[in-house]
>>> print(open('protein18.cif').read())   # mmCIF, C-alpha atoms
data_final
loop_
_atom_site.group_PDB
_atom_site.id
_atom_site.type_symbol
_atom_site.label_atom_id
_atom_site.label_comp_id
_atom_site.auth_asym_id
_atom_site.auth_seq_id
_atom_site.Cartn_x
_atom_site.Cartn_y
_atom_site.Cartn_z
ATOM 1 C CA MET A 1 120.856 -4.220 56.537
ATOM 2 C CA LYS A 2 118.261 -2.631 54.336
ATOM 3 C CA ASN A 3 118.163 1.186 54.649
ATOM 4 C CA THR A 4 115.128 2.195 52.603
ATOM 5 C CA VAL A 5 111.737 2.264 54.314
ATOM 6 C CA LYS A 6 108.627 3.012 52.243
ATOM 7 C CA LYS A 7 106.222 5.212 54.136
ATOM 8 C CA ASN A 8 103.165 3.648 52.658
ATOM 9 C CA LEU A 9 100.349 2.225 54.746
ATOM 10 C CA CYS A 10 99.669 -0.531 52.260
ATOM 11 C CA THR A 11 103.156 -1.972 52.681
ATOM 12 C CA PHE A 12 103.040 -1.349 56.441
ATOM 13 C CA ILE A 13 99.963 -3.513 56.885
ATOM 14 C CA ALA A 14 100.228 -5.797 53.858
ATOM 15 C CA VAL A 15 97.226 -8.109 53.763
ATOM 16 C CA ILE A 16 97.851 -11.526 55.301
ATOM 17 C CA VAL A 17 96.309 -14.422 53.366
ATOM 18 C CA ALA A 18 94.651 -16.761 55.864
ATOM 19 C CA ALA A 19 96.996 -19.589 56.730
ATOM 20 C CA SER A 20 94.049 -21.951 56.895
ATOM 21 C CA ALA A 21 93.720 -21.713 53.114
ATOM 22 C CA THR A 22 97.078 -23.357 52.570
ATOM 23 C CA ILE A 23 97.561 -25.542 55.648
ATOM 24 C CA VAL A 24 96.380 -29.126 55.586
ATOM 25 C CA PHE A 25 95.980 -30.650 59.033
ATOM 26 C CA ALA A 26 97.515 -33.999 58.234
ATOM 27 C CA GLY A 27 100.437 -34.504 60.563
ATOM 28 C CA CYS A 28 98.806 -36.189 63.534
ATOM 29 C CA SER A 29 96.619 -39.003 62.180
ATOM 30 C CA ASP A 30 97.103 -42.378 60.516
ATOM 31 C CA ASN A 31 95.749 -43.220 57.102
ATOM 32 C CA GLY A 32 93.361 -45.917 58.348
ATOM 33 C CA ALA A 33 94.707 -48.730 56.175
ATOM 34 C CA PRO A 34 92.106 -51.484 55.457
ATOM 35 C CA GLN A 35 92.664 -54.988 56.735
ATOM 36 C CA ALA A 36 93.945 -57.610 54.348
ATOM 37 C CA SER A 37 91.584 -60.384 53.285
ATOM 38 C CA THR A 38 91.825 -63.561 55.334
ATOM 39 C CA GLY A 39 90.778 -65.763 52.433
ATOM 40 C CA SER A 40 88.168 -68.609 52.344
ATOM 41 C CA GLU A 41 87.572 -70.621 55.480
ATOM 42 C CA GLY A 42 87.899 -74.470 55.656
ATOM 43 C CA VAL A 43 90.369 -75.062 52.796
ATOM 44 C CA ALA A 44 92.148 -78.291 53.839
ATOM 45 C CA SER A 45 95.104 -77.921 51.440
ATOM 46 C CA GLN A 46 96.137 -74.456 52.751
ATOM 47 C CA THR A 47 99.520 -74.510 54.457
ATOM 48 C CA SER A 48 99.992 -73.044 57.933
ATOM 49 C CA ASP A 49 102.332 -70.360 56.495
ATOM 50 C CA ASP A 50 99.738 -69.329 53.920
ATOM 51 C CA ALA A 51 97.031 -69.266 56.550
ATOM 52 C CA SER A 52 99.192 -67.078 58.736
ATOM 53 C CA ALA A 53 99.941 -64.708 55.847
ATOM 54 C CA VAL A 54 96.337 -64.218 54.756
ATOM 55 C CA SER A 55 95.055 -63.820 58.302
ATOM 56 C CA GLN A 56 97.595 -61.116 59.080
ATOM 57 C CA THR A 57 96.232 -57.562 58.971
ATOM 58 C CA LYS A 58 98.026 -54.904 56.989
ATOM 59 C CA GLN A 59 100.223 -52.733 59.167
ATOM 60 C CA PRO A 60 99.546 -48.990 59.036
ATOM 61 C CA ALA A 61 102.192 -46.856 57.334
ATOM 62 C CA LYS A 62 104.859 -45.581 59.665
ATOM 63 C CA LYS A 63 104.461 -41.919 60.530
ATOM 64 C CA ARG A 64 107.053 -39.640 58.972
ATOM 65 C CA GLU A 65 109.133 -37.820 61.552
ATOM 66 C CA THR A 66 108.640 -34.063 61.570
ATOM 67 C CA ILE A 67 110.474 -31.124 63.061
ATOM 68 C CA LYS A 68 109.153 -29.668 66.324
ATOM 69 C CA ILE A 69 109.180 -26.160 67.773
ATOM 70 C CA ASP A 70 111.112 -27.562 70.741
ATOM 71 C CA ASP A 71 113.938 -28.235 68.263
ATOM 72 C CA ILE A 72 114.203 -24.486 67.618
ATOM 73 C CA ALA A 73 115.753 -22.446 70.426
ATOM 74 C CA TRP A 74 114.562 -18.938 69.550
ATOM 75 C CA ASN A 75 114.819 -15.594 71.306
ATOM 76 C CA VAL A 76 113.785 -12.003 70.588
ATOM 77 C CA ASP A 77 115.623 -9.080 72.161
ATOM 78 C CA GLN A 78 116.980 -5.660 71.369
ATOM 79 C CA GLY A 79 120.404 -5.556 69.737
ATOM 80 C CA ILE A 80 122.678 -3.260 67.787
ATOM 81 C CA VAL A 81 123.460 -3.683 64.090
ATOM 82 C CA ASP A 82 125.543 -1.157 62.154
ATOM 83 C CA GLY A 83 125.364 1.202 65.139
ATOM 84 C CA GLU A 84 121.537 1.215 65.356
ATOM 85 C CA LYS A 85 119.199 -0.475 67.800
ATOM 86 C CA TYR A 86 116.745 -3.030 66.437
ATOM 87 C CA VAL A 87 114.459 -5.705 67.829
ATOM 88 C CA LEU A 88 116.048 -8.922 66.565
ATOM 89 C CA LEU A 89 115.265 -12.621 66.518
ATOM 90 C CA ASP A 90 117.978 -15.251 66.918
ATOM 91 C CA TYR A 91 117.500 -19.006 66.743
ATOM 92 C CA THR A 92 119.514 -22.205 66.970
ATOM 93 C CA ASN A 93 118.565 -25.309 65.027
ATOM 94 C CA ASN A 94 118.740 -28.198 67.497
ATOM 95 C CA SER A 95 117.011 -30.650 65.140
ATOM 96 C CA LYS A 96 118.615 -33.240 62.862
ATOM 97 C CA TYR A 97 117.270 -31.457 59.778
ATOM 98 C CA THR A 98 118.553 -28.574 57.669
ATOM 99 C CA VAL A 99 116.175 -25.644 58.161
ATOM 100 C CA THR A 100 115.595 -23.583 55.015
ATOM 101 C CA ASP A 101 113.055 -21.022 56.257
ATOM 102 C CA PHE A 102 111.903 -19.885 59.686
ATOM 103 C CA GLU A 103 109.125 -17.400 60.412
ATOM 104 C CA MET A 104 107.484 -16.240 63.620
ATOM 105 C CA THR A 105 104.306 -14.198 63.787
ATOM 106 C CA PHE A 106 103.231 -12.406 66.958
ATOM 107 C CA LYS A 107 99.761 -11.303 68.000
ATOM 108 C CA GLU A 108 98.445 -8.745 70.454
ATOM 109 C CA LYS A 109 98.464 -9.882 74.069
ATOM 110 C CA GLY A 110 95.115 -10.178 75.803
ATOM 111 C CA SER A 111 96.469 -8.121 78.699
ATOM 112 C CA VAL A 112 97.165 -5.025 76.562
ATOM 113 C CA THR A 113 95.113 -2.056 77.817
ATOM 114 C CA GLU A 114 93.497 0.726 75.810
ATOM 115 C CA GLU A 115 96.085 3.098 77.288
ATOM 116 C CA ASP A 116 98.892 0.818 76.060
ATOM 117 C CA LYS A 117 97.419 0.802 72.566
ATOM 118 C CA GLU A 118 96.864 4.553 72.467
ATOM 119 C CA ASN A 119 100.499 5.167 73.430
ATOM 120 C CA PHE A 120 101.577 2.666 70.743
ATOM 121 C CA TYR A 121 99.549 4.381 68.002
ATOM 122 C CA ASN A 122 100.790 7.835 68.985
ATOM 123 C CA GLU A 123 104.414 6.673 68.919
ATOM 124 C CA ILE A 124 104.260 4.958 65.537
ATOM 125 C CA LYS A 125 102.331 7.922 64.108
ATOM 126 C CA ASP A 126 105.252 10.198 64.996
ATOM 127 C CA LYS A 127 107.915 7.632 64.070
ATOM 128 C CA PHE A 128 106.567 6.973 60.572
ATOM 129 C CA SER A 129 104.812 10.313 59.871
ATOM 130 C CA MET A 130 101.460 8.584 59.460
ATOM 131 C CA SER A 131 98.198 10.453 58.934
ATOM 132 C CA ASP A 132 95.159 10.337 61.192
ATOM 133 C CA ASP A 133 93.400 8.202 58.569
ATOM 134 C CA ASP A 134 96.294 5.771 58.564
ATOM 135 C CA ILE A 135 96.141 5.423 62.339
ATOM 136 C CA SER A 136 92.357 5.054 62.269
ATOM 137 C CA GLU A 137 92.746 2.150 59.879
ATOM 138 C CA LEU A 138 95.402 0.533 62.035
ATOM 139 C CA LYS A 139 93.135 0.761 65.056
ATOM 140 C CA GLN A 140 90.707 -1.565 63.284
ATOM 141 C CA ARG A 141 93.335 -4.320 63.483
ATOM 142 C CA ASP A 142 94.950 -6.110 66.355
ATOM 143 C CA ILE A 143 98.603 -5.218 66.904
ATOM 144 C CA SER A 144 100.842 -7.791 65.234
ATOM 145 C CA MET A 145 104.491 -8.282 64.243
ATOM 146 C CA HIS A 146 106.630 -10.815 62.395
ATOM 147 C CA ALA A 147 110.178 -11.973 61.768
ATOM 148 C CA GLU A 148 111.403 -14.301 59.034
ATOM 149 C CA THR A 149 114.552 -15.548 57.382
ATOM 150 C CA GLU A 150 115.468 -17.800 54.461
ATOM 151 C CA LYS A 151 118.985 -18.469 55.697
ATOM 152 C CA ILE A 152 120.075 -22.098 55.512
ATOM 153 C CA VAL A 153 120.714 -23.291 59.077
ATOM 154 C CA GLU A 154 122.345 -26.679 59.512
ATOM 155 C CA PRO A 155 121.825 -28.839 62.632
ATOM 156 C CA GLY A 156 123.572 -27.245 65.606
ATOM 157 C CA GLU A 157 124.021 -23.902 63.831
ATOM 158 C CA SER A 158 122.346 -20.542 64.461
ATOM 159 C CA ALA A 159 120.869 -17.598 62.587
ATOM 160 C CA LYS A 160 121.283 -14.214 64.227
ATOM 161 C CA ASN A 161 120.146 -10.605 63.884
ATOM 162 C CA ILE A 162 116.896 -11.366 62.059
ATOM 163 C CA ASN A 163 114.834 -8.183 61.914
ATOM 164 C CA CYS A 164 111.351 -8.004 63.395
ATOM 165 C CA TYR A 165 108.734 -5.902 61.604
ATOM 166 C CA TYR A 166 105.481 -4.184 62.477
ATOM 167 C CA TYR A 167 102.367 -6.018 61.347
ATOM 168 C CA SER A 168 103.087 -7.950 58.116
ATOM 169 C CA GLY A 169 104.853 -5.035 56.459
ATOM 170 C CA ILE A 170 108.411 -3.790 56.005
ATOM 171 C CA TYR A 171 108.894 -1.282 58.825
ATOM 172 C CA TYR A 172 111.732 -2.331 61.131
ATOM 173 C CA LEU A 173 110.839 -2.764 64.774
ATOM 174 C CA LYS A 174 113.279 -0.875 66.974
ATOM 175 C CA ASP A 175 111.388 -0.332 70.236
ATOM 176 C CA ILE A 176 111.425 -3.345 72.563
ATOM 177 C CA ASN A 177 108.512 -1.826 74.495
ATOM 178 C CA HIS A 178 106.382 -2.214 71.388
ATOM 179 C CA PHE A 179 107.384 -5.860 71.090
ATOM 180 C CA ASN A 180 106.288 -6.377 74.697
ATOM 181 C CA LEU A 181 102.696 -5.777 73.519
ATOM 182 C CA VAL A 182 102.642 -9.045 71.552
ATOM 183 C CA GLU A 183 103.088 -12.781 72.128
ATOM 184 C CA PRO A 184 103.954 -15.718 69.843
ATOM 185 C CA ASP A 185 101.195 -16.724 67.448
ATOM 186 C CA VAL A 186 102.398 -19.125 64.716
ATOM 187 C CA ALA A 187 105.825 -20.553 63.861
ATOM 188 C CA THR A 188 106.481 -21.723 60.307
ATOM 189 C CA ILE A 189 109.450 -24.050 59.828
ATOM 190 C CA LYS A 190 110.631 -25.339 56.457
ATOM 191 C CA TYR A 191 113.174 -28.138 56.505
ATOM 192 C CA ILE A 192 114.840 -30.706 54.262
ATOM 193 C CA ASN A 193 114.078 -34.403 54.494
ATOM 194 C CA ASP A 194 115.060 -36.824 51.687
ATOM 195 C CA ASN A 195 115.814 -33.936 49.296
ATOM 196 C CA LYS A 196 112.349 -32.460 49.762
ATOM 197 C CA ILE A 197 111.385 -29.288 51.584
ATOM 198 C CA TYR A 198 108.548 -29.816 54.058
ATOM 199 C CA THR A 199 106.611 -27.116 55.906
ATOM 200 C CA SER A 200 105.516 -27.469 59.515
ATOM 201 C CA TYR A 201 103.325 -24.988 61.399
ATOM 202 C CA TYR A 202 103.016 -24.649 65.155
ATOM 203 C CA ASP A 203 100.119 -22.768 66.776
ATOM 204 C CA PHE A 204 101.242 -21.436 70.147
ATOM 205 C CA SER A 205 97.652 -20.939 71.339
ATOM 206 C CA THR A 206 96.464 -24.486 70.741
ATOM 207 C CA LYS A 207 99.904 -26.103 71.018
ATOM 208 C CA LYS A 208 99.119 -28.077 67.861
ATOM 209 C CA TYR A 209 101.128 -28.836 64.733
ATOM 210 C CA SER A 210 100.015 -28.833 61.112
ATOM 211 C CA GLU A 211 101.916 -30.153 58.114
ATOM 212 C CA ASP A 212 101.497 -28.605 54.681
ATOM 213 C CA GLU A 213 100.673 -31.350 52.176
ATOM 214 C CA ASN A 214 102.667 -29.541 49.479
ATOM 215 C CA THR A 215 106.417 -30.136 49.228
ATOM 216 C CA GLU A 216 109.084 -28.906 46.827
ATOM 217 C CA GLU A 217 112.373 -30.231 45.582
ATOM 218 C CA ALA A 218 115.255 -29.037 47.704
ATOM 219 C CA TYR A 219 117.482 -28.828 44.625
ATOM 220 C CA TYR A 220 115.825 -27.947 41.313
ATOM 221 C CA TRP A 221 117.722 -27.918 38.038
ATOM 222 C CA THR A 222 116.403 -27.474 34.529
ATOM 223 C CA THR A 223 116.557 -30.248 31.934
ATOM 224 C CA SER A 224 116.806 -27.672 29.128
ATOM 225 C CA GLU A 225 119.985 -26.806 27.228
ATOM 226 C CA LEU A 226 120.291 -23.600 29.262
ATOM 227 C CA GLY A 227 121.217 -25.662 32.318
ATOM 228 C CA THR A 228 124.305 -27.006 30.546
ATOM 229 C CA LYS A 229 125.717 -23.551 29.884
ATOM 230 C CA ILE A 230 126.173 -22.439 33.498
ATOM 231 C CA PRO A 231 127.655 -24.224 36.522
ATOM 232 C CA LYS A 232 125.475 -25.929 39.101
ATOM 233 C CA PRO A 233 125.906 -24.208 42.491
ATOM 234 C CA ASP A 234 127.413 -26.357 45.218
ATOM 235 C CA VAL A 235 124.586 -25.791 47.727
ATOM 236 C CA LYS A 236 121.719 -27.778 49.275
ATOM 237 C CA VAL A 237 118.846 -25.577 48.127
ATOM 238 C CA VAL A 238 118.103 -24.295 44.621
ATOM 239 C CA LYS A 239 114.602 -22.942 43.952
ATOM 240 C CA LYS A 240 113.175 -22.358 40.493
ATOM 241 C CA CYS A 241 112.197 -18.838 39.453
ATOM 242 C CA ILE A 242 111.596 -19.420 35.737
ATOM 243 C CA ASP A 243 112.222 -22.319 33.367
ATOM 244 C CA ASN A 244 111.359 -22.264 29.683
ATOM 245 C CA GLU A 245 113.164 -22.533 26.344
ATOM 246 C CA ASP A 246 114.271 -18.892 26.483
ATOM 247 C CA SER A 247 115.114 -18.383 30.168
ATOM 248 C CA PHE A 248 116.184 -20.283 33.242
ATOM 249 C CA GLY A 249 116.269 -18.498 36.579
ATOM 250 C CA PHE A 250 116.874 -19.807 40.088
ATOM 251 C CA GLU A 251 117.761 -18.848 43.631
ATOM 252 C CA ALA A 252 120.616 -20.694 45.345
ATOM 253 C CA TYR A 253 120.667 -20.540 49.146
ATOM 254 C CA GLY A 254 123.446 -20.880 51.684
ATOM 255 C CA LEU A 255 126.262 -18.926 50.023
ATOM 256 C CA SER A 256 128.639 -16.339 51.374
ATOM 257 C CA LEU A 257 129.690 -13.352 49.296
ATOM 258 C CA ASP A 258 133.039 -15.075 48.658
ATOM 259 C CA GLN A 259 131.223 -18.148 47.321
ATOM 260 C CA PHE A 260 129.118 -15.901 45.106
ATOM 261 C CA ASN A 261 132.290 -14.372 43.682
ATOM 262 C CA GLU A 262 133.674 -17.857 43.057
ATOM 263 C CA TYR A 263 130.525 -18.695 41.104
ATOM 264 C CA VAL A 264 130.976 -15.519 39.048
ATOM 265 C CA ASP A 265 134.529 -16.651 38.218
ATOM 266 C CA LYS A 266 133.201 -20.041 37.054
ATOM 267 C CA CYS A 267 130.764 -18.269 34.726
ATOM 268 C CA LYS A 268 133.633 -16.213 33.345
ATOM 269 C CA GLN A 269 135.612 -19.395 32.703
ATOM 270 C CA LEU A 270 132.666 -20.634 30.631
ATOM 271 C CA GLY A 271 132.929 -17.567 28.423
ATOM 272 C CA PHE A 272 130.542 -15.068 29.992
ATOM 273 C CA THR A 273 132.841 -12.079 29.635
ATOM 274 C CA VAL A 274 131.326 -10.119 26.708
ATOM 275 C CA ASP A 275 129.947 -6.651 27.605
ATOM 276 C CA GLU A 276 130.328 -7.470 31.270
ATOM 277 C CA SER A 277 128.952 -5.269 34.030
ATOM 278 C CA SER A 278 130.179 -5.863 37.553
ATOM 279 C CA TYR A 279 129.988 -4.365 41.025
ATOM 280 C CA GLU A 280 129.850 -5.921 44.497
ATOM 281 C CA GLY A 281 127.130 -8.533 44.629
ATOM 282 C CA HIS A 282 126.179 -8.178 40.937
ATOM 283 C CA TYR A 283 127.471 -9.488 37.615
ATOM 284 C CA SER A 284 126.084 -9.538 34.080
ATOM 285 C CA ALA A 285 127.691 -10.589 30.779
ATOM 286 C CA ASP A 286 127.134 -12.340 27.451
ATOM 287 C CA ASP A 287 129.066 -15.185 25.896
ATOM 288 C CA LYS A 288 130.221 -15.233 22.268
ATOM 289 C CA ASP A 289 126.942 -16.864 21.171
ATOM 290 C CA GLY A 290 124.779 -14.170 22.730
ATOM 291 C CA TYR A 291 123.633 -16.008 25.857
ATOM 292 C CA ASN A 292 123.345 -13.629 28.809
ATOM 293 C CA VAL A 293 123.773 -14.288 32.528
ATOM 294 C CA TYR A 294 122.698 -12.003 35.344
ATOM 295 C CA LEU A 295 123.771 -12.747 38.921
ATOM 296 C CA SER A 296 122.803 -10.924 42.108
ATOM 297 C CA TYR A 297 123.686 -11.625 45.755
ATOM 298 C CA LYS A 298 121.387 -10.955 48.720
ATOM 299 C CA GLU A 299 123.405 -10.604 51.899
ATOM 300 C CA ASP A 300 120.462 -10.590 54.319
ATOM 301 C CA ASP A 301 119.586 -14.224 53.593
ATOM 302 C CA ASP A 302 122.845 -15.473 52.028
ATOM 303 C CA TYR A 303 121.477 -16.384 48.605
ATOM 304 C CA MET A 304 122.027 -15.491 44.983
ATOM 305 C CA THR A 305 119.639 -15.067 42.082
ATOM 306 C CA VAL A 306 120.861 -16.284 38.680
ATOM 307 C CA THR A 307 119.187 -15.908 35.299
ATOM 308 C CA ILE A 308 120.438 -17.135 31.930
ATOM 309 C CA ASP A 309 118.659 -15.960 28.784
ATOM 310 C CA ALA A 310 118.972 -17.352 25.285
ATOM 311 C CA PRO A 311 119.970 -14.884 22.539
ATOM 312 C CA SER A 312 117.166 -12.977 20.868
ATOM 313 C CA GLU A 313 116.404 -14.106 17.335
#
>>> encode(input="protein18.cif", output="C-alpha cells")
Amino acid sequence: MKNTVKKNLCTFIAVIVAASATIVFAGCSDNGAPQASTGSEGVASQTSDDASAVSQTKQPAKKRETIKIDDIAWNVDQGIVDGEKYVLLDYTNNSKYTVTDFEMTFKEKGSVTEEDKENFYNEIKDKFSMSDDDISELKQRDISMHAETEKIVEPGESAKNINCYYYSGIYYLKDINHFNLVEPDVATIKYINDNKIYTSYYDFSTKKYSEDENTEEAYYWTTSELGTKIPKPDVKVVKKCIDNEDSFGFEAYGLSLDQFNEYVDKCKQLGFTVDESSYEGHYSADDKDGYNVYLSYKEDDDYMTVTIDAPSE
C-alpha cells in the first residue's frame, strides 16, 4: 500500500482527457460487405455449380466476440488494509478471457443535494488541508472518483483491495459516505484475445459498449541484440517501455515477488553480478562487457519493470 500522499491540487484533480477522443464506436455494427457479382445473364455453357457460385452473395464477416460488463462481478465497500480503513473495489473475472486492466469511474449522483456537497467539501478541506481557493476550484467540478488496477486476472479469478481515489487524482478514498455520493459512470476493460490486448468501454448511463480500434501485442519482445542478453519472462503480458539500439525496457505483468526474485537469479546466472545493488524488489548490476540491467517490482499491481542498457562508448 502506498503511504505517500502529495497535497497538491493539481494531482488531486488531474485533468481527464475526454474518452471520446480515443474511443471508436465500432463494436456493434457490421461492415456492410458488398454483394458479389452474379456474372452475365444467358450464358448457355455455364454450369449449374458456377451459376450458383456467382449468384451467391458475399457473407458479412463474423462479429468478433467481446467481453461484457456482466462478465465482471465487481463490488465497492469499505475494508481494512494494513490496519487502516479504505474504500476498496474487488472484482471477479467470470469471462473466458484474461483481463489485463480494469478501471471504474464514478460520477456525482443526480440526487446529491447542495447540503451533501457542502458537507463533502468541508470534510475533504480538513482531511487534506486544502485552501479556500482549492475548494472553490473543486466546486466548479462535479464530484467524481475512480479505481483501477493492472493486475492480470485469469478466468474465474479475482482481484481484491483495489484502492478508490477522489476525482482522477491520487488521494485515497477512506470514507464510504463520500463514495455514496457517486454512481458508476464508465468501465474500461482490457483483455487478451489471440495474443492481442483489446479495450472495451461500457457506459452505465446509456448501457452501451464501445470498442477501441487500437490494439497492442500482449507479449512484446525486442528483435535487437539486447533481447538476447536477458531472459524472457514467463508471463502472458509484456509491454514495451523503450526499444532502441542502446536500451530495451519493458514491464512484465502477473508476477509475484518470489517470481521476481527468480528472474533476478536468472539474470545473475547470465553474468549480471558486477557492481550489483540489491534490496527487496530492486536489483541492478553490470555484466563483464558493461551491459547494465535494472529491475524493479511493483507489488500493488504484481508487475516488474526491467531495463537493459548497452555499455557507453
>>> atom_distance(input="protein18.cif", atom1="CA of Glu103 in chain A", atom2="CA of Ala187 in chain A")
5.7 Å
>>> resolve_selection(input="protein18.cif", expression="the PyMOL selection byres ((chain A and resi 206-219) around 10)", output="PDB file with C-alpha atoms, keeping the file's coordinate frame")
ATOM      1  CA  THR A  22      97.078 -23.357  52.570  1.00  0.00           C
ATOM      2  CA  ILE A  23      97.561 -25.542  55.648  1.00  0.00           C
ATOM      3  CA  VAL A  24      96.380 -29.126  55.586  1.00  0.00           C
ATOM      4  CA  PHE A  25      95.980 -30.650  59.033  1.00  0.00           C
ATOM      5  CA  ALA A  26      97.515 -33.999  58.234  1.00  0.00           C
ATOM      6  CA  GLY A  27     100.437 -34.504  60.563  1.00  0.00           C
ATOM      7  CA  CYS A  28      98.806 -36.189  63.534  1.00  0.00           C
ATOM      8  CA  THR A  66     108.640 -34.063  61.570  1.00  0.00           C
ATOM      9  CA  ILE A  67     110.474 -31.124  63.061  1.00  0.00           C
ATOM     10  CA  LYS A  68     109.153 -29.668  66.324  1.00  0.00           C
ATOM     11  CA  ILE A  69     109.180 -26.160  67.773  1.00  0.00           C
ATOM     12  CA  THR A 100     115.595 -23.583  55.015  1.00  0.00           C
ATOM     13  CA  ASP A 185     101.195 -16.724  67.448  1.00  0.00           C
ATOM     14  CA  VAL A 186     102.398 -19.125  64.716  1.00  0.00           C
ATOM     15  CA  ALA A 187     105.825 -20.553  63.861  1.00  0.00           C
ATOM     16  CA  THR A 188     106.481 -21.723  60.307  1.00  0.00           C
ATOM     17  CA  ILE A 189     109.450 -24.050  59.828  1.00  0.00           C
ATOM     18  CA  LYS A 190     110.631 -25.339  56.457  1.00  0.00           C
ATOM     19  CA  TYR A 191     113.174 -28.138  56.505  1.00  0.00           C
ATOM     20  CA  ILE A 192     114.840 -30.706  54.262  1.00  0.00           C
ATOM     21  CA  ASN A 193     114.078 -34.403  54.494  1.00  0.00           C
ATOM     22  CA  ASP A 194     115.060 -36.824  51.687  1.00  0.00           C
ATOM     23  CA  ASN A 195     115.814 -33.936  49.296  1.00  0.00           C
ATOM     24  CA  LYS A 196     112.349 -32.460  49.762  1.00  0.00           C
ATOM     25  CA  ILE A 197     111.385 -29.288  51.584  1.00  0.00           C
ATOM     26  CA  TYR A 198     108.548 -29.816  54.058  1.00  0.00           C
ATOM     27  CA  THR A 199     106.611 -27.116  55.906  1.00  0.00           C
ATOM     28  CA  SER A 200     105.516 -27.469  59.515  1.00  0.00           C
ATOM     29  CA  TYR A 201     103.325 -24.988  61.399  1.00  0.00           C
ATOM     30  CA  TYR A 202     103.016 -24.649  65.155  1.00  0.00           C
ATOM     31  CA  ASP A 203     100.119 -22.768  66.776  1.00  0.00           C
ATOM     32  CA  PHE A 204     101.242 -21.436  70.147  1.00  0.00           C
ATOM     33  CA  SER A 205      97.652 -20.939  71.339  1.00  0.00           C
ATOM     34  CA  TYR A 220     115.825 -27.947  41.313  1.00  0.00           C
ATOM     35  CA  TRP A 221     117.722 -27.918  38.038  1.00  0.00           C
ATOM     36  CA  PRO A 233     125.906 -24.208  42.491  1.00  0.00           C
ATOM     37  CA  VAL A 235     124.586 -25.791  47.727  1.00  0.00           C
ATOM     38  CA  LYS A 236     121.719 -27.778  49.275  1.00  0.00           C
ATOM     39  CA  VAL A 237     118.846 -25.577  48.127  1.00  0.00           C
ATOM     40  CA  VAL A 238     118.103 -24.295  44.621  1.00  0.00           C
ATOM     41  CA  LYS A 239     114.602 -22.942  43.952  1.00  0.00           C
ATOM     42  CA  LYS A 240     113.175 -22.358  40.493  1.00  0.00           C
ATOM     43  CA  ALA A 252     120.616 -20.694  45.345  1.00  0.00           C
ATOM     44  CA  TYR A 253     120.667 -20.540  49.146  1.00  0.00           C
TER      45      TYR A 253
END
>>> atom_distance(input="protein18.cif", atom1="CA of Thr113 in chain A", atom2="CA of Glu148 in chain A")
27.7 Å
>>> closest_residue(input="protein18.cif", among="A:Trp74, A:Tyr167, A:Phe248, A:Tyr86", to="Arg141 in chain A", atoms="all atoms listed in the file")
A:Tyr167
>>> resolve_selection(input="protein18.cif", expression="the PyMOL selection byres ((chain A and resi 292-304) around 6)", output="ChimeraX atom specification")
/A:150-151,251-256,281-286,291,305-309
>>> residues_near_point(input="protein18.cif", point="(96.4, -0.9, 65.4)", cutoff="9 Å", atoms="all atoms listed in the file", output="ChimeraX atom specification")
/A:117-118,120-121,135-144,167
>>> resolve_selection(input="protein18.cif", expression="the PyMOL selection byres ((chain A and resi 222-225) around 8)", output="MDAnalysis selection string")
chainID A and resid 220:221 226:229 243:245 248
>>> residues_around(input="protein18.cif", residues="Lys266 in chain A", least_positions_apart="6", cutoff="12 Å", atoms="only C-alpha atoms", output="mmCIF file with C-alpha atoms, in the frame of the given file")
data_model
loop_
_atom_site.group_PDB
_atom_site.id
_atom_site.type_symbol
_atom_site.label_atom_id
_atom_site.label_comp_id
_atom_site.auth_asym_id
_atom_site.auth_seq_id
_atom_site.Cartn_x
_atom_site.Cartn_y
_atom_site.Cartn_z
ATOM 1 C CA LYS A 229 125.717 -23.551 29.884
ATOM 2 C CA ILE A 230 126.173 -22.439 33.498
ATOM 3 C CA PRO A 231 127.655 -24.224 36.522
ATOM 4 C CA LYS A 232 125.475 -25.929 39.101
ATOM 5 C CA PRO A 233 125.906 -24.208 42.491
ATOM 6 C CA ASP A 234 127.413 -26.357 45.218
ATOM 7 C CA GLN A 259 131.223 -18.148 47.321
ATOM 8 C CA PHE A 260 129.118 -15.901 45.106
ATOM 9 C CA PHE A 272 130.542 -15.068 29.992
ATOM 10 C CA THR A 273 132.841 -12.079 29.635
ATOM 11 C CA VAL A 293 123.773 -14.288 32.528
#
>>> residues_around(input="protein18.cif", residues="Asp71 in chain A", least_positions_apart="6", cutoff="9 Å", atoms="only C-alpha atoms", output="PyMOL selection string")
chain A and resi 92-96
>>> closest_residue(input="protein18.cif", among="A:Lys127, A:Glu183, A:Val81, A:Leu257", to="Ser111 in chain A", atoms="all atoms listed in the file")
A:Glu183
>>> closest_residue(input="protein18.cif", among="A:Thr105, A:Asn261, A:Asn119, A:Ser312", to="Pro184 in chain A", atoms="only C-alpha atoms")
A:Thr105
>>> atom_distance(input="protein18.cif", atom1="CA of His178 in chain A", atom2="CA of Ile72 in chain A")
23.9 Å
>>> closest_residue(input="protein18.cif", among="A:Ala147, A:Val153, A:Met130, A:Ile80", to="Val99 in chain A", atoms="all atoms listed in the file")
A:Val153
>>> closest_residue(input="protein18.cif", among="A:Asp175, A:Glu108, A:Glu115, A:Glu154", to="Tyr91 in chain A", atoms="all atoms listed in the file")
A:Glu154
>>> closest_residue(input="protein18.cif", among="A:Asp265, A:Asp133, A:Asp77, A:Asp82", to="Cys164 in chain A", atoms="only C-alpha atoms")
A:Asp77
